[in-house]
>>> print(open('protein_29.txt').read())   # compact mmCIF, C-alpha atoms
# COMPACT_ATOMS: atom_id res chain seq x y z
CA MET A 257 41.74 13.95 59.65
CA THR A 258 39.20 15.06 62.27
CA VAL A 259 39.05 18.59 63.59
CA LYS A 260 38.88 18.92 67.36
CA PRO A 261 37.17 22.16 68.43
CA ASP A 262 38.83 24.03 71.28
CA TYR A 263 38.08 26.99 73.53
CA ARG A 264 39.56 29.49 75.97
CA TRP A 265 38.07 29.91 79.45
CA HIS A 266 37.99 33.54 80.67
CA LEU A 267 36.37 33.22 84.12
CA ARG A 268 39.35 34.71 85.98
CA LYS A 269 39.52 37.68 83.59
CA VAL A 270 35.76 38.34 83.82
CA MET A 271 35.88 38.09 87.62
CA ALA A 272 38.75 40.61 87.73
CA SER A 273 36.84 43.02 85.51
CA ARG A 274 34.02 42.87 88.10
CA GLY A 275 36.39 43.51 91.04
CA MET A 276 36.50 39.88 92.20
CA TYR A 277 40.12 38.84 92.62
CA ALA A 278 39.87 35.87 94.98
CA THR A 279 38.18 32.54 94.39
CA THR A 280 36.70 32.86 97.88
CA ASP A 281 34.55 35.74 96.57
CA LEU A 282 32.73 33.37 94.25
CA ARG A 283 31.86 30.55 96.64
CA PRO A 284 29.17 32.33 98.74
CA LEU A 285 27.56 33.75 95.60
CA LEU A 286 27.27 30.24 94.16
CA ALA A 287 25.88 29.00 97.50
CA GLU A 288 23.15 31.68 97.33
CA ARG A 289 22.06 30.08 94.06
CA GLY A 290 22.01 26.56 95.51
CA PHE A 291 25.47 25.30 94.54
CA GLN A 292 27.49 24.07 97.52
CA LEU A 293 30.91 23.71 95.91
CA SER A 294 34.03 23.07 97.95
CA GLN A 295 36.80 25.64 97.98
CA SER A 296 38.98 23.38 95.82
CA GLN A 297 36.16 22.94 93.28
CA VAL A 298 35.71 26.70 93.01
CA TYR A 299 39.47 27.19 92.69
CA ARG A 300 39.69 24.65 89.86
CA LEU A 301 36.69 26.28 88.16
CA VAL A 302 38.48 29.64 88.19
CA ALA A 303 42.12 28.63 87.72
CA GLU A 304 41.75 25.80 85.20
CA ARG A 305 39.85 25.27 82.00
CA PRO A 306 36.89 22.99 82.79
CA VAL A 307 36.45 19.89 80.67
CA ARG A 308 32.91 19.29 81.91
CA LEU A 309 30.68 21.95 83.43
CA ASN A 310 27.13 21.67 84.72
CA LEU A 311 24.97 24.03 82.67
CA ARG A 312 23.15 25.23 85.77
CA VAL A 313 26.51 26.21 87.32
CA LEU A 314 27.33 28.02 84.07
CA MET A 315 24.00 29.88 84.23
CA ALA A 316 24.73 30.80 87.86
CA LEU A 317 28.14 32.18 86.86
CA LEU A 318 26.55 34.24 84.10
CA ASP A 319 24.02 35.60 86.60
CA ILE A 320 26.64 36.36 89.25
CA LEU A 321 28.98 38.12 86.85
CA GLY A 322 26.31 39.76 84.69
CA CYS A 323 27.94 38.53 81.50
CA THR A 324 27.21 36.34 78.49
CA MET A 325 28.59 32.96 77.44
CA GLU A 326 30.73 34.71 74.83
CA ASP A 327 32.46 36.60 77.65
CA LEU A 328 33.38 33.35 79.45
CA ILE A 329 33.96 30.93 76.58
CA GLU A 330 35.93 31.90 73.48
CA PRO A 331 35.89 29.34 70.67
CA VAL A 332 39.24 28.90 68.91
CA PRO A 333 40.00 27.08 65.68
CA GLY A 334 40.42 23.38 66.26
CA THR A 335 43.45 21.31 65.49
CA GLY A 336 43.59 18.45 63.04
CA GLY A 337 43.87 15.92 65.84
CA ARG A 338 47.62 16.44 66.22
CA PRO A 339 49.32 17.56 69.42
CA ALA A 340 50.41 21.20 69.51
CA GLN A 341 54.08 20.20 69.47
CA ALA A 342 53.68 18.33 66.18
CA ALA A 343 52.51 21.52 64.48
CA ARG A 344 55.89 23.24 65.05
CA PRO A 345 58.10 23.53 62.00
CA ARG A 346 61.04 21.17 62.00
CA PRO A 347 64.59 22.49 61.75
CA PRO A 348 66.18 22.00 58.34
CA ARG A 349 67.90 18.68 57.79
CA PRO A 350 71.62 18.66 57.08
CA ARG A 351 72.60 18.30 53.44
CA ARG A 352 74.58 15.30 52.29
CA ALA A 353 78.22 16.07 51.54
CA HIS A 354 79.47 15.39 48.02
CA VAL A 355 83.11 14.30 47.76
CA LEU A 356 84.75 15.48 44.56
CA PRO A 357 87.45 13.44 42.83
CA GLU A 358 91.02 14.80 42.95
>>> encode(input="protein_29.txt", output="structure tokens")
Amino acid sequence: MTVKPDYRWHLRKVMASRGMYATTDLRPLLAERGFQLSQSQVYRLVAERPVRLNLRVLMALLDILGCTMEDLIEPVPGTGGRPAQAARPRPPRPRRAHVLPE
């Protein structure tokens, strides 16, 4: 069984703690650092958990927000390669009835 590491992405929370509540606040700050991202790209960066992220964009986010990688990315224990639904406990199975002789 292989363990798949996972993480939580806290960009929206870190932005809010710095008084930035709209994704449009982030786009010009990234442009100042040489990253011309579309509005939809910036929205996905903030609203969703990125699967792939350019390290230079990550460094720009850290610079803009004045935070560390630990503030943005929280490692969480990995799963054993099973979907999250499979980890739920199953309801108990019904017991077989025993018919007694008369």
>>> atom_distance(input="protein_29.txt", atom1="CA of Lys260 (chain A)", atom2="CA of Gln297 (chain A)")
26.4 Å
>>> closest_residue(input="protein_29.txt", among="A:Ala303, A:Val259, A:Met271, A:Leu314", to="Phe291 (chain A)", atoms="only C-alpha atoms")
A:Leu314
>>> residues_around(input="protein_29.txt", residues="Pro331 (chain A)", least_positions_apart="5", cutoff="7 Å", atoms="all atoms listed in the file", output="MDAnalysis selection string")
chainID A and resid 262:264
>>> residues_around(input="protein_29.txt", residues="Ala278 (chain A)", least_positions_apart="6", cutoff="10 Å", atoms="all atoms listed in the file", output="VMD selection string")
chain A and resid 268 271 to 272 299 302
>>> residues_around(input="protein_29.txt", residues="region 285-290 of chain A", least_positions_apart="3", cutoff="10 Å", atoms="all atoms listed in the file", output="ChimeraX atom specification")
/A:280-282,293,298,312-313,316-317,319-321
>>> atom_distance(input="protein_29.txt", atom1="CA of Ile329 (chain A)", atom2="CA of Trp265 (chain A)")
5.1 Å
>>> atom_distance(input="protein_29.txt", atom1="CA of Pro333 (chain A)", atom2="CA of Thr279 (chain A)")
29.3 Å
>>> axis_aligned_box(input="protein_29.txt", around="region 325-329 of chain A", padding_each_side="6 Å", output="lines of an AutoDock Vina configuration file")
center_x = 31.3
center_y = 33.8
center_z = 77.1
size_x = 17.4
size_y = 17.7
size_z = 16.6
>>> closest_residue(input="protein_29.txt", among="A:Pro284, A:Leu267, A:Asp327, A:Arg274", to="Glu304 (chain A)", atoms="all atoms listed in the file")
A:Leu267
